[in-house]
Amino acid sequence: MRKIILYNPRPNPHLKPVDIPLSLLCVSRFLDKDGYPIQIISENLYDNHFEIIAREAKDAFVFGVSSMTGHQIYDGIKASRIAKEANKDIKVIWGGWHPSLYPKQVMENPYIDIVVKGQGEIAFYEVVKRIESGKNYESIPGVHWKENGRVFSNPDRPLMALDGMPAIPYHLVDVEKCLIETEFGGRTVNYVSSYGCPYRCGFCCEQTVNQRRWVGLNAEAVVRDLERLEKVFKVNGISMYDSNFFVDIKRAKGILKGILERGLTLRLGNIDGRTKQLAEADDELWDLMRPPAVTVS
Ligand code: B12
């Protein structure tokens, strides 16, 4: 099977990324399960990342970039140019929040062939399969692509259930290099248990990308993931990257109870939710959130 390279550009011009490249691990789930060789490149994993991209792109067939709006675009474009110059046949695919908000604008860049708007796990898998079969990308929801200089756009992809998706393939990165010290754990890693948010806060781009939908991994599966992080990688802090952890209160309680029932000692932090959700929360939820389990930010 041919090789796939994925790149997480630095979000800040002055700082290397420090956390685990979670977006790229998530989009690798199905392809990794199928046995594709996947190389994830981020500056906390490699120092000379542009050189590595130039070298590895030569025999890869896909180069994926994840980008928020901001500095990631700058290094992402530079890396896309380097990949194309090393291998003119490589397909450059962008995903993440920036291309999800501005897919057509991103497609104007000459080094970018395809954009995946919104949730990436299944879309990316389907795109890679089409590249291999030499077919175009018609009917894959969320995908924008170029053909003979013309841009084609498929309708958006609604959020798909997380239950049943393959587990996050942590073996693709050196987890040890992605652990950070936070106020809730000396060995903290970032993790996501849900996508989307049903609210429509004026400052937030959730409603544009996920149309106020939300999907959450079931509580039992989340606790299993957390147990694996604690037991296998000796993680003691979890930085939750959900846009809104508290949409399904029963699920939130199930996760917090599960942590206690399994005797896990890791603590959760950076949990996002709406003030109203917490103002309306009952005593049981507050009791479950009391330290040592959670540090609410
Ligand atoms: C962690 C985080 C950060 C970290 C980034 C760490 C890193 N490794 O890059 C830090 C703290 C640096 C950060 C900074 C900022 N952030 Co921020 N951040 C997040 C957060 C909470 C989690 C991101 C994440 O990992 N999610 C989990 C993964 C699995 O989801 P995902 O990234 O969406 O990936 C999925 C799809 O997008 C897609 N996908 C992603 N990448 C790729 C790549 C390919 C090839 C494919 C096919 C698909 C694909 O598939 C994935 C799986 O379905 C999100 C909110 C959220 N819940 O996503 C906000 C969010 C991304 N941030 C946001 C904002 C506003 C900011 C700041 C501007 C805040 C500020 N005022 O300073 C800065 C910008 C920094 C900069 N200069 O660029 C906005 C997005 C804005 C935008 N237009 O991009 C978000 C969405 C929050 C919000 N709802 O408003 N952020």
# chains A, B, ... in the order shown; residues from 1 in each chain; ligands from 1
>>> select_by_dssp(residues="stretch 193-283 of chain A", states="strand (DSSP E)", output="mmCIF file with C-alpha atoms, in the first residue's frame")
data_model
loop_
_atom_site.group_PDB
_atom_site.id
_atom_site.type_symbol
_atom_site.label_atom_id
_atom_site.label_comp_id
_atom_site.auth_asym_id
_atom_site.auth_seq_id
_atom_site.Cartn_x
_atom_site.Cartn_y
_atom_site.Cartn_z
ATOM 1 C CA SER A 194 -17.654 14.764 20.865
ATOM 2 C CA TYR A 195 -17.954 17.029 17.832
ATOM 3 C CA GLY A 196 -20.249 19.984 17.227
ATOM 4 C CA TRP A 214 -23.602 17.460 17.851
ATOM 5 C CA VAL A 215 -22.407 13.858 18.134
ATOM 6 C CA GLY A 216 -20.793 12.245 21.161
ATOM 7 C CA GLY A 237 -4.328 14.787 32.872
ATOM 8 C CA ILE A 238 -6.764 15.068 29.970
ATOM 9 C CA SER A 239 -7.244 18.325 28.117
ATOM 10 C CA MET A 240 -10.709 17.967 26.625
ATOM 11 C CA ARG A 267 -8.065 14.520 35.994
ATOM 12 C CA LEU A 268 -10.007 16.271 33.249
ATOM 13 C CA GLY A 269 -9.435 19.928 32.420
#
>>> residues_near_ligand(ligand="ligand 1", cutoff="7 Å", atoms="only C-alpha atoms and all ligand atoms", output="PyMOL selection string")
chain A and resi 6+8+10-12+17+19-24+26-27+64-72+93-98+101+116+118-121+123-124+192+195+203-206+241-243
>>> write_last_selection(atoms="C-alpha atoms", output="PDB file, in the first residue's frame")
ATOM      1  CA  LEU A   6      -0.121  14.225   7.236  1.00  0.00           C
ATOM      2  CA  ASN A   8       0.059  19.691  11.516  1.00  0.00           C
ATOM      3  CA  ARG A  10       2.385  25.335  14.034  1.00  0.00           C
ATOM      4  CA  PRO A  11      -0.534  27.602  15.093  1.00  0.00           C
ATOM      5  CA  ASN A  12       1.748  30.287  16.474  1.00  0.00           C
ATOM      6  CA  PRO A  17       2.905  22.843  18.698  1.00  0.00           C
ATOM      7  CA  ASP A  19      -0.008  18.765  22.029  1.00  0.00           C
ATOM      8  CA  ILE A  20      -0.793  15.521  20.252  1.00  0.00           C
ATOM      9  CA  PRO A  21      -1.847  16.109  16.592  1.00  0.00           C
ATOM     10  CA  LEU A  22      -5.337  14.901  17.436  1.00  0.00           C
ATOM     11  CA  SER A  23      -7.116  16.018  14.250  1.00  0.00           C
ATOM     12  CA  LEU A  24      -4.643  14.016  12.150  1.00  0.00           C
ATOM     13  CA  CYS A  26      -8.661  11.085  14.084  1.00  0.00           C
ATOM     14  CA  VAL A  27      -8.646  11.281  10.283  1.00  0.00           C
ATOM     15  CA  GLY A  64      -2.889  16.007   4.114  1.00  0.00           C
ATOM     16  CA  VAL A  65      -2.755  19.313   5.981  1.00  0.00           C
ATOM     17  CA  SER A  66      -4.828  20.387   8.985  1.00  0.00           C
ATOM     18  CA  SER A  67      -5.372  24.102   9.488  1.00  0.00           C
ATOM     19  CA  MET A  68      -7.227  26.582  11.614  1.00  0.00           C
ATOM     20  CA  THR A  69      -7.496  30.167  10.402  1.00  0.00           C
ATOM     21  CA  GLY A  70      -4.220  31.922  11.261  1.00  0.00           C
ATOM     22  CA  HIS A  71      -0.554  31.065  11.064  1.00  0.00           C
ATOM     23  CA  GLN A  72      -1.187  27.410  10.222  1.00  0.00           C
ATOM     24  CA  ILE A  93      -5.718  17.583   0.716  1.00  0.00           C
ATOM     25  CA  TRP A  94      -6.623  20.238   3.271  1.00  0.00           C
ATOM     26  CA  GLY A  95      -9.027  19.800   6.186  1.00  0.00           C
ATOM     27  CA  GLY A  96      -9.734  21.406   9.539  1.00  0.00           C
ATOM     28  CA  TRP A  97     -11.491  24.578  10.587  1.00  0.00           C
ATOM     29  CA  HIS A  98     -10.073  27.048   8.051  1.00  0.00           C
ATOM     30  CA  LEU A 101     -15.080  27.760   6.732  1.00  0.00           C
ATOM     31  CA  VAL A 116     -12.595  18.255   3.092  1.00  0.00           C
ATOM     32  CA  GLY A 118     -16.172  19.396   8.351  1.00  0.00           C
ATOM     33  CA  GLN A 119     -15.786  15.996   9.947  1.00  0.00           C
ATOM     34  CA  GLY A 120     -12.910  14.181   8.287  1.00  0.00           C
ATOM     35  CA  GLU A 121     -12.786  10.519   9.297  1.00  0.00           C
ATOM     36  CA  ALA A 123     -14.600  11.730   4.006  1.00  0.00           C
ATOM     37  CA  PHE A 124     -10.814  11.357   4.026  1.00  0.00           C
ATOM     38  CA  VAL A 192     -11.876  14.663  22.102  1.00  0.00           C
ATOM     39  CA  TYR A 195     -17.954  17.029  17.832  1.00  0.00           C
ATOM     40  CA  PHE A 203     -18.476  34.604  18.126  1.00  0.00           C
ATOM     41  CA  CYS A 204     -18.183  30.910  17.325  1.00  0.00           C
ATOM     42  CA  CYS A 205     -17.791  29.174  13.961  1.00  0.00           C
ATOM     43  CA  GLU A 206     -19.471  25.920  15.103  1.00  0.00           C
ATOM     44  CA  TYR A 241     -10.958  19.428  23.110  1.00  0.00           C
ATOM     45  CA  ASP A 242     -14.744  19.016  22.761  1.00  0.00           C
ATOM     46  CA  SER A 243     -16.556  22.164  21.649  1.00  0.00           C
TER      47      SER A 243
END
>>> residues_around(residues="stretch 218-227 of chain A", least_positions_apart="4", cutoff="10 Å", atoms="only C-alpha atoms", output="ChimeraX atom specification")
/A:161-164,167-168,191-194,231-238,250-266,268
>>> write_last_selection(atoms="C-alpha atoms", output="compact mmCIF listing (two decimals), in the first residue's frame")
# COMPACT_ATOMS: atom_id res chain seq x y z
CA ALA A 161 -21.80 9.00 14.73
CA LEU A 162 -18.55 8.44 16.58
CA ASP A 163 -19.73 5.16 18.11
CA GLY A 164 -18.23 2.28 16.19
CA ALA A 167 -10.03 3.78 18.16
CA ILE A 168 -7.60 6.69 17.87
CA TYR A 191 -8.49 14.16 23.79
CA VAL A 192 -11.88 14.66 22.10
CA SER A 193 -15.13 12.87 23.01
CA SER A 194 -17.65 14.76 20.87
CA LYS A 231 -2.68 2.56 31.84
CA VAL A 232 -0.64 2.46 28.61
CA PHE A 233 0.80 5.99 28.40
CA LYS A 234 0.79 6.88 32.12
CA VAL A 235 -1.27 9.97 31.40
CA ASN A 236 -2.60 11.80 34.49
CA GLY A 237 -4.33 14.79 32.87
CA ILE A 238 -6.76 15.07 29.97
CA LYS A 250 -26.47 11.82 31.01
CA ARG A 251 -23.39 11.03 28.91
CA ALA A 252 -21.27 13.58 30.80
CA LYS A 253 -22.29 12.00 34.12
CA GLY A 254 -21.64 8.53 32.69
CA ILE A 255 -18.08 9.53 31.81
CA LEU A 256 -17.40 11.09 35.22
CA LYS A 257 -18.95 8.12 37.06
CA GLY A 258 -17.02 5.69 34.87
CA ILE A 259 -13.73 7.39 35.79
CA LEU A 260 -14.52 6.95 39.48
CA GLU A 261 -15.87 3.39 39.15
CA ARG A 262 -12.78 2.20 37.32
CA GLY A 263 -10.54 3.82 39.90
CA LEU A 264 -8.82 6.06 37.36
CA THR A 265 -6.79 8.86 38.89
CA LEU A 266 -6.38 11.11 35.85
CA LEU A 268 -10.01 16.27 33.25
>>> atom_distance(atom1="atom CA of A:Val247", atom2="atom CA of A:Gly273")
7.8 Å
>>> closest_residue(among="A:Tyr137, A:Phe63, A:Tyr125, A:Tyr74", to="A:Asn109", atoms="only C-alpha atoms")
A:Tyr74
>>> closest_residue(among="A:Arg2, A:Ala83, A:Glu176, A:Glu108", to="A:Asp34", atoms="only C-alpha atoms")
A:Arg2
>>> select_by_dssp(residues="stretch 75-283 of chain A", states="helix (DSSP H, G or I)", output="PyMOL selection string")
chain A and resi 75-86+97-101+103-107+121-133+170-172+175-178+206-210+219-233+249-261+275-279+283
>>> atom_distance(atom1="atom CA of A:Lys58", atom2="atom CA of A:Glu85")
9.1 Å
>>> closest_residue(among="A:Ala281, A:Ile131, A:Leu229, A:Val143", to="A:Ile90", atoms="only C-alpha atoms")
A:Ile131
>>> atom_distance(atom1="atom CA of A:Lys91", atom2="atom CA of A:Val62")
4.9 Å
>>> closest_residue(among="A:Asp89, A:Pro141, A:Lys146, A:Thr188", to="A:Ile112", atoms="only C-alpha atoms")
A:Lys146
>>> residues_around(residues="A:Arg200", least_positions_apart="6", cutoff="10 Å", atoms="only C-alpha atoms", output="number ranges by chain")
A: 206-208, 211-212
>>> residues_around(residues="A:Arg81", least_positions_apart="4", cutoff="10 Å", atoms="only C-alpha atoms", output="PyMOL selection string")
chain A and resi 54+75-77+85-88+92+109-112
>>> residues_around(residues="A:Asn136", least_positions_apart="3", cutoff="12 Å", atoms="only C-alpha atoms", output="ChimeraX atom specification")
/A:113-114,126-133,139-140,143-148,152-154
>>> residues_around(residues="A:Lys16", least_positions_apart="6", cutoff="10 Å", atoms="only C-alpha atoms", output="PyMOL selection string")
chain A and resi 9-10+42-44+47
